[in-house]
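What follows is the content of structure_26.cif (mmCIF, C-alpha atoms and all ligand atoms).
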```
data_my_file
#
loop_
_atom_site.label_atom_id
_atom_site.label_comp_id
_atom_site.auth_asym_id
_atom_site.auth_seq_id
_atom_site.Cartn_x
_atom_site.Cartn_y
_atom_site.Cartn_z
CA MET A 1 0.00 0.00 0.00
CA THR A 2 1.23 3.44 -0.85
CA ALA A 3 0.58 6.60 1.08
CA ASN A 4 -2.39 7.58 -1.03
CA GLY A 5 -3.46 4.02 -1.69
CA ALA A 6 -6.53 4.17 0.49
CA ARG A 7 -7.94 7.36 -0.94
CA THR A 8 -10.71 7.16 -3.50
CA HIS A 9 -10.30 10.70 -4.81
CA CYS A 10 -7.40 13.00 -5.60
CA LYS A 11 -6.64 16.11 -3.54
CA ARG A 12 -8.92 18.15 -5.73
CA GLY A 13 -11.78 15.69 -5.66
CA HIS A 14 -11.44 13.78 -8.94
CA PRO A 15 -12.26 10.08 -8.57
CA PHE A 16 -9.42 7.53 -8.66
CA ASP A 17 -11.37 5.19 -10.89
CA LEU A 18 -10.51 2.98 -13.83
CA PHE A 19 -10.40 5.91 -16.27
CA ASN A 20 -8.89 8.63 -14.19
CA ALA A 21 -6.23 6.90 -12.11
CA GLY A 22 -2.73 6.62 -13.52
CA TYR A 23 -0.07 4.47 -11.88
CA LYS A 24 3.60 5.20 -11.49
CA GLN A 25 6.27 2.49 -11.39
CA ASN A 26 6.38 2.66 -7.60
CA GLY A 27 2.63 2.14 -7.39
CA TRP A 28 1.85 5.76 -6.66
CA ARG A 29 -1.40 6.90 -8.19
CA TRP A 30 -1.84 10.15 -10.01
CA CYS A 31 -4.92 11.94 -11.24
CA ARG A 32 -5.28 12.15 -15.02
CA GLN A 33 -7.75 15.00 -14.78
CA CYS A 34 -5.36 17.09 -12.66
CA ALA A 35 -2.44 16.26 -14.95
CA LYS A 36 -4.49 17.32 -17.96
CA GLU A 37 -5.43 20.60 -16.32
CA TYR A 38 -1.87 21.18 -15.23
CA ASN A 39 -0.58 20.46 -18.74
CA SER A 40 -3.00 22.72 -20.50
CA ARG A 41 -2.24 25.50 -18.00
CA ALA A 42 1.49 25.00 -18.39
CA SER A 43 1.31 24.95 -22.18
CA LYS A 44 -0.75 28.14 -22.15
CA ILE A 45 1.95 29.81 -20.08
CA ALA A 46 4.65 28.39 -22.35
CA THR A 47 2.97 29.58 -25.55
CA SER A 48 2.41 33.02 -24.07
CA LYS A 49 6.18 33.19 -23.60
CA GLY A 50 6.77 32.06 -27.18
CA LEU A 51 7.71 28.53 -26.15
CA CYS A 52 6.49 25.24 -27.58
CA GLY A 53 3.13 24.20 -26.09
CA ARG A 54 4.03 20.54 -26.22
CA CYS A 55 7.58 20.20 -24.89
CA ARG A 56 7.56 23.69 -23.30
CA LYS A 57 11.33 23.86 -23.82
CA HIS A 58 12.04 25.02 -27.33
CA PRO A 59 10.88 28.26 -28.95
CA SER A 60 7.81 27.69 -31.09
CA VAL A 61 7.83 28.11 -34.83
CA ILE A 62 6.48 31.51 -35.86
CA GLY A 63 2.75 31.25 -36.46
CA LEU A 64 2.50 27.90 -34.65
CA SER A 65 2.16 26.92 -31.02
CA VAL A 66 4.80 24.18 -31.17
CA CYS A 67 8.54 23.96 -31.84
CA GLU A 68 10.04 22.47 -34.97
CA GLY A 69 10.72 19.09 -33.35
CA CYS A 70 7.20 18.81 -31.98
CA ARG A 71 5.73 19.97 -35.27
CA GLN A 72 7.45 17.03 -36.97
CA TRP A 73 6.34 14.68 -34.24
CA LYS A 74 2.77 15.80 -34.75
CA ALA A 75 3.05 15.45 -38.52
CA ASN A 76 4.40 11.91 -38.11
CA GLU A 77 1.62 11.12 -35.71
CA ALA A 78 -0.92 12.18 -38.32
CA HIS A 79 0.93 10.08 -40.86
CA ARG A 80 0.93 7.05 -38.56
CA ASN A 81 -2.78 7.43 -37.95
CA LEU A 82 -3.43 7.68 -41.66
CA ARG A 83 -1.44 4.51 -42.31
CA ARG A 84 -3.29 2.67 -39.58
CA TYR A 85 -6.57 3.85 -41.09
CA THR A 86 -5.52 2.78 -44.58
CA ASN A 87 -4.61 -0.70 -43.34
CA TRP A 88 -7.85 -0.99 -41.46
CA ARG A 89 -9.74 0.09 -44.57
CA GLN A 90 -7.98 -2.43 -46.81
CA ASN A 91 -8.57 -5.28 -44.39
CA LEU A 92 -12.18 -4.34 -43.97
CA ARG A 93 -12.65 -4.26 -47.73
CA LEU A 94 -11.15 -7.70 -48.23
CA GLU A 95 -13.11 -9.13 -45.36
CA VAL A 96 -16.41 -7.80 -46.65
CA LEU A 97 -15.68 -8.84 -50.24
CA ARG A 98 -14.83 -12.34 -49.05
CA ALA A 99 -18.01 -12.52 -47.01
CA TYR A 100 -20.03 -11.69 -50.12
CA GLY A 101 -18.43 -14.34 -52.25
CA GLY A 102 -15.32 -12.48 -53.38
CA LYS A 103 -16.34 -12.00 -57.01
CA CYS A 104 -18.56 -9.87 -59.19
CA HIS A 105 -22.12 -11.08 -58.94
CA CYS A 106 -22.63 -10.34 -62.60
CA CYS A 107 -19.49 -11.17 -64.59
CA GLY A 108 -17.45 -13.15 -62.05
CA GLU A 109 -14.49 -10.74 -61.88
CA SER A 110 -12.51 -11.73 -58.79
CA ASN A 111 -9.65 -9.24 -58.61
CA PRO A 112 -10.40 -7.35 -55.38
CA LEU A 113 -9.07 -4.14 -56.91
CA PHE A 114 -11.94 -4.17 -59.40
CA LEU A 115 -14.59 -5.03 -56.89
CA THR A 116 -16.92 -2.90 -54.88
CA ILE A 117 -19.97 -3.38 -52.75
CA ASP A 118 -23.31 -2.55 -54.27
CA HIS A 119 -26.83 -2.02 -53.05
CA LYS A 120 -28.99 -4.61 -54.77
CA ASN A 121 -31.97 -2.31 -55.01
CA GLY A 122 -29.89 0.69 -55.99
CA ASP A 123 -30.57 2.89 -52.97
CA GLY A 124 -26.87 3.11 -52.15
CA SER A 125 -26.42 6.72 -53.14
CA GLU A 126 -29.52 7.63 -51.18
CA GLU A 127 -28.13 5.89 -48.09
CA MET A 128 -24.80 7.65 -48.65
CA ARG A 129 -26.41 11.04 -48.91
CA ARG A 130 -28.68 10.54 -45.94
CA ASN A 131 -25.74 9.66 -43.71
CA HIS A 132 -23.28 12.10 -45.29
CA TRP A 133 -20.98 9.17 -46.04
CA HIS A 134 -19.81 10.57 -49.36
CA GLN A 135 -17.91 13.15 -47.33
CA ARG A 136 -16.02 10.38 -45.60
CA GLY A 137 -15.12 8.31 -48.64
CA GLY A 138 -18.07 5.96 -48.40
CA TYR A 139 -16.31 3.53 -46.09
CA PRO A 140 -19.03 3.30 -43.46
CA VAL A 141 -21.01 1.14 -45.94
CA TRP A 142 -18.37 -1.55 -45.53
CA ALA A 143 -18.21 -1.14 -41.79
CA LEU A 144 -21.98 -1.20 -41.57
CA ALA A 145 -22.29 -4.33 -43.71
CA LYS A 146 -19.85 -6.07 -41.40
CA ARG A 147 -21.50 -4.83 -38.22
CA GLN A 148 -24.91 -6.00 -39.45
CA GLY A 149 -23.58 -9.48 -40.20
CA TYR A 150 -23.51 -9.06 -43.99
CA PRO A 151 -27.18 -8.50 -44.79
CA ASN A 152 -28.24 -9.63 -48.27
CA ARG A 153 -29.24 -6.19 -49.48
CA TYR A 154 -25.63 -5.81 -50.58
CA GLN A 155 -23.76 -7.70 -53.27
CA VAL A 156 -20.30 -7.60 -54.80
CA LEU A 157 -19.99 -6.06 -58.25
CA CYS A 158 -16.99 -4.98 -60.27
CA TRP A 159 -16.71 -1.34 -61.24
CA ASN A 160 -17.67 -2.18 -64.83
CA CYS A 161 -20.89 -3.87 -63.87
CA ASN A 162 -21.55 -1.30 -61.20
CA THR A 163 -21.33 1.68 -63.55
CA GLY A 164 -22.87 -0.34 -66.39
CA ARG A 165 -25.87 -1.01 -64.21
CA TYR A 166 -26.05 2.59 -63.07
CA ARG A 167 -25.94 3.98 -66.61
CA ASN A 168 -28.37 1.39 -67.91
CA LYS A 169 -31.27 2.04 -65.52
CA GLY A 170 -30.31 -0.64 -63.03
CA ILE A 171 -29.50 -3.51 -65.40
CA CYS A 172 -25.92 -4.31 -66.34
CA PRO A 173 -25.35 -4.36 -70.12
CA HIS A 174 -23.98 -7.89 -69.60
CA VAL A 175 -27.41 -9.02 -68.44
CA VAL A 176 -29.13 -7.35 -71.37
CA LYS A 177 -26.71 -9.11 -73.73
CA ALA A 178 -27.38 -12.47 -72.07
CA MET A 179 -31.14 -11.91 -72.28
CA GLU A 180 -30.92 -11.06 -75.95
CA ALA A 181 -28.77 -14.11 -76.65
CA SER A 182 -31.27 -16.44 -74.98
CA LYS A 183 -34.19 -15.06 -77.01
ZN ZN A 201 -7.45 15.44 -9.65
ZN ZN A 202 8.42 21.19 -28.65
ZN ZN A 203 -18.62 -7.55 -63.25
ZN ZN A 204 -22.06 -7.17 -65.65
#
```
Translate this file's structure into structure tokens.
Ligand SMILES: [Zn+2]
Ligand SMILES: [Zn+2]
Ligand SMILES: [Zn+2]
Ligand SMILES: [Zn+2]
Amino acid sequence: MTANGARTHCKRGHPFDLFNAGYKQNGWRWCRQCAKEYNSRASKIATSKGLCGRCRKHPSVIGLSVCEGCRQWKANEAHRNLRRYTNWRQNLRLEVLRAYGGKCHCCGESNPLFLTIDHKNGDGSEEMRRNHWHQRGGYPVWALAKRQGYPNRYQVLCWNCNTGRYRNKGICPHVVKAMEASK
């Protein structure tokens, strides 16, 4: 037991719970809320003195609130996040494509790079618009399909069949061709 081990709240009344309590190597607890407040206060003081708001040691770049080193760290962080997001997106795509059979429902194209997910009854763009997904690259459709256990209102189509269908009032030119051939 440490000196403050028995207390349930920090000196300033924040709870030492699962989310707010931090632990040091020696078992000493610290309050995340207080640390956050302290940090934002300290970085305000630092920036008012022209110092970096993150490391509070180096002078900040003119026009920014951080120093050159921290600016690069932040840029890399954004880059790392982007890469993580791109990986996540690619995996999600493959997973969803696989779940829906992994090939174009119409022509059988199976190269994942050509494939996309399609609303069987063509209300995809409506769903996109309603949820403002187009602003976020349309990826929630994939996430949603997965979350809902791959409902059968979606199907896999290649871009050819997808646009073909769209331009041909909902029927892929392939299908029209096949219908004509069987006449
Ligand atoms: Zn506190
Ligand atoms: Zn810095
Ligand atoms: Zn196709
Ligand atoms: Zn087709």
Could you give me, as a list in words, the residues within 10 Å of range 78-89 of chain A, counting only C-alpha atoms and dropping anything in the same chain fewer than 3 positions from it?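 The residues satisfying every condition are Gln72, Trp73, Lys74, Ala75, Leu92, Arg93, Leu94, Glu95, Tyr139, Pro140, Trp142 and Ala143 of chain A.
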The selected residues should be written to file as a compact mmCIF listing (two decimals), keeping the file's coordinate frame (atoms: C-alpha atoms).
```
# COMPACT_ATOMS: atom_id res chain seq x y z
CA GLN A 72 7.45 17.03 -36.97
CA TRP A 73 6.34 14.68 -34.24
CA LYS A 74 2.77 15.80 -34.75
CA ALA A 75 3.05 15.45 -38.52
CA LEU A 92 -12.18 -4.34 -43.97
CA ARG A 93 -12.65 -4.26 -47.73
CA LEU A 94 -11.15 -7.70 -48.23
CA GLU A 95 -13.11 -9.13 -45.36
CA TYR A 139 -16.31 3.53 -46.09
CA PRO A 140 -19.03 3.30 -43.46
CA TRP A 142 -18.37 -1.55 -45.53
CA ALA A 143 -18.21 -1.14 -41.79
```
Go ahead and compute the interatomic distance for CA of Val96 in chain A and CA of Gln148 in chain A, in Å to one decimal.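 Straight-line distance from CA of Val96 in chain A to CA of Gln148 in chain A works out to 11.3 Å.
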Using only C-alpha atoms and all ligand atoms, tabulate the residues of chain A lying at most 6 Å from any atom of ligand ZN 201 (chain A), each with its closest atom pair and that distance in Å to one decimal, by chain and increasing residue number, as JSON lines.
```
{"residue": "A:Cys10", "atom": "CA", "partner": "A:ZN201", "partner_atom": "ZN", "distance": 4.7}
{"residue": "A:Arg12", "atom": "CA", "partner": "A:ZN201", "partner_atom": "ZN", "distance": 5.0}
{"residue": "A:Gly13", "atom": "CA", "partner": "A:ZN201", "partner_atom": "ZN", "distance": 5.9}
{"residue": "A:His14", "atom": "CA", "partner": "A:ZN201", "partner_atom": "ZN", "distance": 4.4}
{"residue": "A:Cys31", "atom": "CA", "partner": "A:ZN201", "partner_atom": "ZN", "distance": 4.6}
{"residue": "A:Gln33", "atom": "CA", "partner": "A:ZN201", "partner_atom": "ZN", "distance": 5.2}
{"residue": "A:Cys34", "atom": "CA", "partner": "A:ZN201", "partner_atom": "ZN", "distance": 4.0}
```
Surroundings of ligand ZN 204 (chain A) up to 7 Å, based on all atoms listed in the file, as a list in words: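 My answer, listing the contacting residues, is Cys106, Cys107, Asn160, Cys161, Gly164, Cys172, Pro173, His174 and Val175 of chain A.
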At a cut-off of 9 Å and counting all atoms listed in the file, what residues surround ligand ZN 202 (chain A)? Please answer as a list in words.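 The residues near ligand ZN 202 (chain A) are Leu51, Cys52, Gly53, Arg54, Cys55, Arg56, Lys57, His58, Pro59, Ser60, Ser65, Val66, Cys67, Glu68, Gly69, Cys70, Arg71 and Trp73 of chain A.
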Considering only C-alpha atoms, return as a short mmCIF file (atom, residue, chain, number, x, y, z; two decimals) with C-alpha atoms, in the frame of the given file whatever protein or nucleic-acid residues lie within 12 Å of Gly108 in chain A, sequence-local ones (same chain, fewer than 2 positions apart) excluded.
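File written: around-v2.cif
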```cif
data_model
loop_
_atom_site.label_atom_id
_atom_site.label_comp_id
_atom_site.auth_asym_id
_atom_site.auth_seq_id
_atom_site.Cartn_x
_atom_site.Cartn_y
_atom_site.Cartn_z
CA GLY A 101 -18.43 -14.34 -52.25
CA GLY A 102 -15.32 -12.48 -53.38
CA LYS A 103 -16.34 -12.00 -57.01
CA CYS A 104 -18.56 -9.87 -59.19
CA HIS A 105 -22.12 -11.08 -58.94
CA CYS A 106 -22.63 -10.34 -62.60
CA SER A 110 -12.51 -11.73 -58.79
CA ASN A 111 -9.65 -9.24 -58.61
CA PRO A 112 -10.40 -7.35 -55.38
CA PHE A 114 -11.94 -4.17 -59.40
CA LEU A 115 -14.59 -5.03 -56.89
CA VAL A 156 -20.30 -7.60 -54.80
CA LEU A 157 -19.99 -6.06 -58.25
CA CYS A 158 -16.99 -4.98 -60.27
CA TRP A 159 -16.71 -1.34 -61.24
CA ASN A 160 -17.67 -2.18 -64.83
CA CYS A 161 -20.89 -3.87 -63.87
CA HIS A 174 -23.98 -7.89 -69.60
#
```
Restricting the calculation to all atoms listed in the file: of A:Lys146, A:Lys120, A:His9, A:Arg165, which residue gets closest to ligand ZN 203 (chain A)?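 Between A:Lys146, A:Lys120, A:His9, A:Arg165, the residue approaching ligand ZN 203 (chain A) most closely is A:Arg165.
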What does the structure give for the distance between CA of Tyr154 in chain A and CA of Lys183 in chain A, in Å to one decimal?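 Here the two named atoms are 29.3 Å from each other.
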Expressed in Å to a single decimal, how great is the separation between CA of Thr116 in chain A and CA of Leu97 in chain A?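 Taking CA of Thr116 in chain A as the start and CA of Leu97 in chain A as the end point, the length is 7.6 Å.
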